Amino acid sequence: MTDPIRTLVLDDDFRVGRLHQTIVDDRGGFIALEPVRTIAEARAAIRDLSPDLLLADVYLPDGDGIGLVREAGIDAILVSAADDPATVRRALRSGALAYLIKPFERRTLTGALDRYARFRNLLTGERALQQKDLDRALAILHGSGEAASPSRSATEQVVLAALGEDEASAAEIGERVGISRATAQRHLAALAERDAVEVRLRYGATGRPEHRYTRRA
């Protein structure tokens, strides 16, 4: 299991900071650090706690969140009521991975977090990337990945439910769901492509490897 994505929320409005902290904590694979309200507090938290992701407002009592993103050197999503194109362009030039305009629905933030988690997972590790890997990661981050058809999505949900919290092979899942091993394999491979499941190789007595699947947290 991968480590949770440690997220620091920076907002000068205490209520908004707590709300965003709760949204982050409710997402699987994330953990929210204690929210901070100023640039100075954020700098100290980044130095001492080493968060993976910064969720920051733009206008703060002692400075500018965009400038902090530029200097911090960590992944960041900016959240602000500032909706003028110049501010948004400046935020993106400074390295923000996303920009959310307040006010927004809860699902807007959860969607951005989920896309970031998938983006981060695709760019984790030491192996060299191919262009198609980078293109896919960026498409996911910007919400332009290929949408699943309704029928495929429904079948994949059944496959995920059958997998549960266990580790299983495609043949075992196929037996549980009532589909062929090949069909189960196809849906599990698609889920693995979208990082919904993790694939491991297990070697049996014959020495032939078997793909084993587990649901990602």
# chains A, B, ... in the order shown; residues from 1 in each chain; ligands from 1
>>> select_by_dssp(residues="stretch 40-94 of chain A", states="strand (DSSP E or B)", output="list of chain:residue names")
A:Leu53, A:Leu54, A:Leu55, A:Ala56, A:Tyr59, A:Leu60, A:Gly63, A:Asp64, A:Asp75, A:Ala76, A:Ile77, A:Leu78, A:Val79, A:Ser80
>>> closest_residue(among="A:Glu198, A:Asp135, A:Asp12, A:Asp26", to="A:Leu109", atoms="only C-alpha atoms")
A:Asp26
>>> closest_residue(among="A:Gly63, A:Gly174, A:Glu167, A:Arg194", to="A:His211", atoms="only C-alpha atoms")
A:Glu167
>>> closest_residue(among="A:Ile46, A:Leu54, A:Ile74, A:Val69", to="A:Leu113", atoms="only C-alpha atoms")
A:Leu54
>>> select_by_dssp(residues="stretch 31-78 of chain A", states="alpha helix (DSSP H)", output="list of chain:residue names")
A:Ile39, A:Ala40, A:Glu41, A:Ala42, A:Arg43, A:Ala44, A:Ala45, A:Ile46, A:Arg47, A:Asp48, A:Leu49, A:Gly65, A:Ile66, A:Gly67, A:Leu68, A:Val69, A:Arg70, A:Glu71, A:Ala72
>>> residues_around(residues="A:Tyr116", least_positions_apart="6", cutoff="10 Å", atoms="only C-alpha atoms", output="JSON list (two decimals) with all heavy atoms, in the first residue's frame")
[["chain", "number", "residue", "atom", "x", "y", "z"],
["A", 5, "ILE", "N", -1.08, 10.70, 0.78],
["A", 5, "ILE", "CA", -0.59, 11.99, 0.28],
["A", 5, "ILE", "C", -0.83, 13.04, 1.37],
["A", 5, "ILE", "O", -1.97, 13.39, 1.67],
["A", 5, "ILE", "CB", -1.29, 12.37, -1.03],
["A", 5, "ILE", "CG1", -1.00, 11.31, -2.11],
["A", 5, "ILE", "CG2", -0.86, 13.75, -1.49],
["A", 5, "ILE", "CD1", -1.85, 11.46, -3.36],
["A", 53, "LEU", "N", 1.55, 17.82, -0.91],
["A", 53, "LEU", "CA", 0.66, 18.67, -1.71],
["A", 53, "LEU", "C", 0.26, 19.88, -0.89],
["A", 53, "LEU", "O", -0.06, 19.77, 0.30],
["A", 53, "LEU", "CB", -0.59, 17.88, -2.11],
["A", 53, "LEU", "CG", -1.68, 18.64, -2.89],
["A", 53, "LEU", "CD1", -1.17, 19.06, -4.26],
["A", 53, "LEU", "CD2", -2.94, 17.77, -3.03],
["A", 75, "ASP", "N", 4.23, 20.09, -5.07],
["A", 75, "ASP", "CA", 3.00, 20.10, -5.85],
["A", 75, "ASP", "C", 1.96, 20.98, -5.16],
["A", 75, "ASP", "O", 1.85, 20.97, -3.93],
["A", 75, "ASP", "CB", 2.46, 18.69, -6.02],
["A", 75, "ASP", "CG", 3.34, 17.83, -6.92],
["A", 75, "ASP", "OD1", 4.20, 18.40, -7.62],
["A", 75, "ASP", "OD2", 3.17, 16.60, -6.90],
["A", 76, "ALA", "N", 1.19, 21.72, -5.94],
["A", 76, "ALA", "CA", 0.24, 22.67, -5.36],
["A", 76, "ALA", "C", -1.00, 22.82, -6.21],
["A", 76, "ALA", "O", -0.94, 22.77, -7.45],
["A", 76, "ALA", "CB", 0.90, 24.03, -5.16],
["A", 77, "ILE", "N", -2.13, 23.01, -5.54],
["A", 77, "ILE", "CA", -3.40, 23.39, -6.16],
["A", 77, "ILE", "C", -3.80, 24.71, -5.52],
["A", 77, "ILE", "O", -3.83, 24.82, -4.29],
["A", 77, "ILE", "CB", -4.49, 22.33, -5.92],
["A", 77, "ILE", "CG1", -4.11, 21.01, -6.61],
["A", 77, "ILE", "CG2", -5.84, 22.83, -6.41],
["A", 77, "ILE", "CD1", -5.06, 19.86, -6.28],
["A", 97, "LEU", "N", -0.59, 23.06, -10.23],
["A", 97, "LEU", "CA", -1.10, 21.99, -11.08],
["A", 97, "LEU", "C", -2.56, 22.17, -11.43],
["A", 97, "LEU", "O", -3.05, 21.61, -12.41],
["A", 97, "LEU", "CB", -0.90, 20.64, -10.37],
["A", 97, "LEU", "CG", 0.55, 20.23, -10.12],
["A", 97, "LEU", "CD1", 0.60, 18.93, -9.33],
["A", 97, "LEU", "CD2", 1.31, 20.10, -11.42],
["A", 98, "ALA", "N", -3.28, 22.95, -10.60],
["A", 98, "ALA", "CA", -4.69, 23.21, -10.87],
["A", 98, "ALA", "C", -5.07, 24.51, -10.17],
["A", 98, "ALA", "O", -4.39, 24.96, -9.25],
["A", 98, "ALA", "CB", -5.57, 22.07, -10.38],
["A", 110, "THR", "N", -12.92, 17.36, -4.60],
["A", 110, "THR", "CA", -12.63, 15.93, -4.55],
["A", 110, "THR", "C", -12.18, 15.41, -5.90],
["A", 110, "THR", "O", -11.29, 14.56, -5.99],
["A", 110, "THR", "CB", -13.85, 15.12, -4.06],
["A", 110, "THR", "OG1", -14.96, 15.34, -4.94],
["A", 110, "THR", "CG2", -14.26, 15.54, -2.66],
["A", 122, "LEU", "N", 1.11, 7.78, -11.51],
["A", 122, "LEU", "CA", 1.70, 7.47, -12.81],
["A", 122, "LEU", "C", 3.13, 7.99, -12.95],
["A", 122, "LEU", "O", 3.92, 7.46, -13.72],
["A", 122, "LEU", "CB", 0.84, 8.06, -13.93],
["A", 122, "LEU", "CG", -0.50, 7.34, -14.18],
["A", 122, "LEU", "CD1", -1.34, 8.14, -15.16],
["A", 122, "LEU", "CD2", -0.27, 5.94, -14.71],
["A", 137, "ALA", "N", -0.76, 10.88, -18.13],
["A", 137, "ALA", "CA", -0.75, 11.50, -16.81],
["A", 137, "ALA", "C", -1.30, 12.92, -16.87],
["A", 137, "ALA", "O", -2.10, 13.33, -16.03],
["A", 137, "ALA", "CB", 0.67, 11.50, -16.24],
["A", 138, "LEU", "N", -0.88, 13.68, -17.88],
["A", 138, "LEU", "CA", -1.35, 15.06, -18.01],
["A", 138, "LEU", "C", -2.84, 15.11, -18.37],
["A", 138, "LEU", "O", -3.57, 15.99, -17.91],
["A", 138, "LEU", "CB", -0.52, 15.79, -19.06],
["A", 138, "LEU", "CG", 0.93, 16.07, -18.67],
["A", 138, "LEU", "CD1", 1.71, 16.64, -19.85],
["A", 138, "LEU", "CD2", 1.01, 17.02, -17.47],
["A", 140, "ILE", "N", -5.08, 12.94, -17.45],
["A", 140, "ILE", "CA", -5.80, 12.65, -16.21],
["A", 140, "ILE", "C", -5.82, 13.87, -15.31],
["A", 140, "ILE", "O", -6.86, 14.25, -14.75],
["A", 140, "ILE", "CB", -5.14, 11.45, -15.49],
["A", 140, "ILE", "CG1", -5.46, 10.15, -16.25],
["A", 140, "ILE", "CG2", -5.61, 11.35, -14.04],
["A", 140, "ILE", "CD1", -4.69, 8.96, -15.77],
["A", 141, "LEU", "N", -4.68, 14.52, -15.16],
["A", 141, "LEU", "CA", -4.59, 15.70, -14.28],
["A", 141, "LEU", "C", -5.56, 16.78, -14.72],
["A", 141, "LEU", "O", -6.18, 17.45, -13.87],
["A", 141, "LEU", "CB", -3.16, 16.23, -14.29],
["A", 141, "LEU", "CG", -2.89, 17.46, -13.42],
["A", 141, "LEU", "CD1", -3.07, 17.13, -11.94],
["A", 141, "LEU", "CD2", -1.48, 17.99, -13.68],
["A", 142, "HIS", "N", -5.72, 16.95, -16.02],
["A", 142, "HIS", "CA", -6.57, 18.03, -16.53],
["A", 142, "HIS", "C", -7.99, 17.57, -16.84],
["A", 142, "HIS", "O", -8.77, 18.32, -17.44],
["A", 142, "HIS", "CB", -5.93, 18.63, -17.79],
["A", 142, "HIS", "CG", -4.60, 19.26, -17.52],
["A", 142, "HIS", "ND1", -3.48, 19.04, -18.29],
["A", 142, "HIS", "CD2", -4.20, 20.09, -16.52],
["A", 142, "HIS", "CE1", -2.46, 19.72, -17.79],
["A", 142, "HIS", "NE2", -2.88, 20.36, -16.72],
["A", 143, "GLY", "N", -8.30, 16.34, -16.42],
["A", 143, "GLY", "CA", -9.67, 15.87, -16.55],
["A", 143, "GLY", "C", -10.10, 15.55, -17.96],
["A", 143, "GLY", "O", -11.30, 15.54, -18.25]]
>>> closest_residue(among="A:Asn121, A:Glu210, A:Pro4, A:Ala32", to="A:Ala192", atoms="only C-alpha atoms")
A:Asn121
>>> atom_distance(atom1="atom CA of A:Ile23", atom2="atom CA of A:Arg107")
9.3 Å
>>> closest_residue(among="A:Gly95, A:Pro51, A:Gly111, A:Gly29", to="A:Arg216", atoms="only C-alpha atoms")
A:Gly29
>>> atom_distance(atom1="atom CA of A:His20", atom2="atom CA of A:Thr87")
21.6 Å
>>> closest_residue(among="A:Phe104, A:Tyr99, A:Tyr213, A:Phe14", to="A:Val199", atoms="only C-alpha atoms")
A:Tyr213
>>> residues_around(residues="A:Ala40", least_positions_apart="3", cutoff="8 Å", atoms="only C-alpha atoms", output="MDAnalysis selection string")
chainID A and resid 43:44 62
>>> decode(residues="stretch 125-212 of chain A", atoms="C-alpha atoms", output="CSV table (one decimal), in the first residue's frame")
chain,number,residue,atom,x,y,z
A,125,GLY,CA,9.1,5.6,-9.5
A,126,GLU,CA,12.5,5.5,-11.2
A,127,ARG,CA,11.6,3.9,-14.6
A,128,ALA,CA,12.0,6.1,-17.6
A,129,LEU,CA,8.8,7.5,-19.0
A,130,GLN,CA,7.6,7.1,-22.6
A,131,GLN,CA,5.7,10.0,-24.2
A,132,LYS,CA,2.4,8.1,-24.0
A,133,ASP,CA,2.9,7.8,-20.2
A,134,LEU,CA,3.4,11.5,-19.8
A,135,ASP,CA,0.5,12.3,-22.1
A,136,ARG,CA,-1.8,10.0,-20.2
A,137,ALA,CA,-0.7,11.5,-16.8
A,138,LEU,CA,-1.4,15.1,-18.0
A,139,ALA,CA,-4.7,14.1,-19.5
A,140,ILE,CA,-5.8,12.6,-16.2
A,141,LEU,CA,-4.6,15.7,-14.3
A,142,HIS,CA,-6.6,18.0,-16.5
A,143,GLY,CA,-9.7,15.9,-16.6
A,144,SER,CA,-9.5,15.0,-20.2
A,145,GLY,CA,-8.9,11.2,-19.9
A,146,GLU,CA,-11.1,8.9,-21.9
A,147,ALA,CA,-14.5,8.3,-20.2
A,148,ALA,CA,-15.7,4.8,-19.6
A,149,SER,CA,-18.9,3.7,-21.4
A,150,PRO,CA,-21.9,3.0,-19.1
A,151,SER,CA,-21.8,-0.7,-19.8
A,152,ARG,CA,-18.1,-1.0,-19.1
A,153,SER,CA,-18.3,1.1,-16.0
A,154,ALA,CA,-21.2,-1.0,-14.6
A,155,THR,CA,-19.3,-4.3,-15.2
A,156,GLU,CA,-16.1,-2.8,-13.7
A,157,GLN,CA,-18.0,-1.8,-10.6
A,158,VAL,CA,-19.3,-5.4,-10.3
A,159,VAL,CA,-15.7,-6.7,-10.7
A,160,LEU,CA,-14.4,-4.3,-8.1
A,161,ALA,CA,-17.2,-5.4,-5.7
A,162,ALA,CA,-16.3,-9.0,-6.2
A,163,LEU,CA,-12.6,-8.2,-5.5
A,164,GLY,CA,-13.5,-6.5,-2.2
A,165,GLU,CA,-10.5,-6.4,0.1
A,166,ASP,CA,-9.0,-9.7,-1.0
A,167,GLU,CA,-6.3,-10.5,-3.4
A,168,ALA,CA,-7.5,-12.6,-6.4
A,169,SER,CA,-6.8,-13.8,-9.9
A,170,ALA,CA,-8.8,-13.1,-13.0
A,171,ALA,CA,-10.1,-16.7,-12.9
A,172,GLU,CA,-11.3,-16.3,-9.3
A,173,ILE,CA,-13.0,-13.0,-10.1
A,174,GLY,CA,-14.6,-14.5,-13.2
A,175,GLU,CA,-16.0,-17.4,-11.1
A,176,ARG,CA,-17.4,-15.0,-8.4
A,177,VAL,CA,-19.1,-12.7,-11.0
A,178,GLY,CA,-20.2,-15.3,-13.5
A,179,ILE,CA,-18.1,-14.2,-16.4
A,180,SER,CA,-15.2,-15.8,-18.3
A,181,ARG,CA,-11.6,-15.5,-17.1
A,182,ALA,CA,-10.7,-13.6,-20.3
A,183,THR,CA,-13.5,-11.0,-19.7
A,184,ALA,CA,-12.5,-10.6,-16.0
A,185,GLN,CA,-8.9,-10.2,-17.1
A,186,ARG,CA,-9.9,-7.5,-19.6
A,187,HIS,CA,-11.8,-5.5,-17.0
A,188,LEU,CA,-9.1,-5.9,-14.3
A,189,ALA,CA,-6.5,-4.7,-16.8
A,190,ALA,CA,-8.6,-1.6,-17.6
A,191,LEU,CA,-9.0,-1.0,-13.8
A,192,ALA,CA,-5.2,-1.4,-13.4
A,193,GLU,CA,-4.6,1.1,-16.2
A,194,ARG,CA,-6.7,3.6,-14.2
A,195,ASP,CA,-4.9,2.7,-10.9
A,196,ALA,CA,-8.1,1.4,-9.3
A,197,VAL,CA,-6.4,-2.0,-8.7
A,198,GLU,CA,-2.8,-3.1,-8.2
A,199,VAL,CA,-1.3,-6.0,-10.0
A,200,ARG,CA,1.3,-8.4,-8.5
A,201,LEU,CA,3.0,-11.4,-10.0
A,202,ARG,CA,2.9,-14.6,-7.9
A,203,TYR,CA,4.8,-17.7,-8.9
A,204,GLY,CA,3.2,-21.1,-8.4
A,205,ALA,CA,4.5,-24.6,-8.1
A,206,THR,CA,4.9,-24.9,-11.9
A,207,GLY,CA,7.0,-21.7,-12.0
A,208,ARG,CA,4.5,-19.9,-14.2
A,209,PRO,CA,3.6,-16.4,-12.9
A,210,GLU,CA,0.0,-15.6,-12.1
A,211,HIS,CA,-1.4,-12.1,-12.0
A,212,ARG,CA,-3.0,-11.3,-8.7
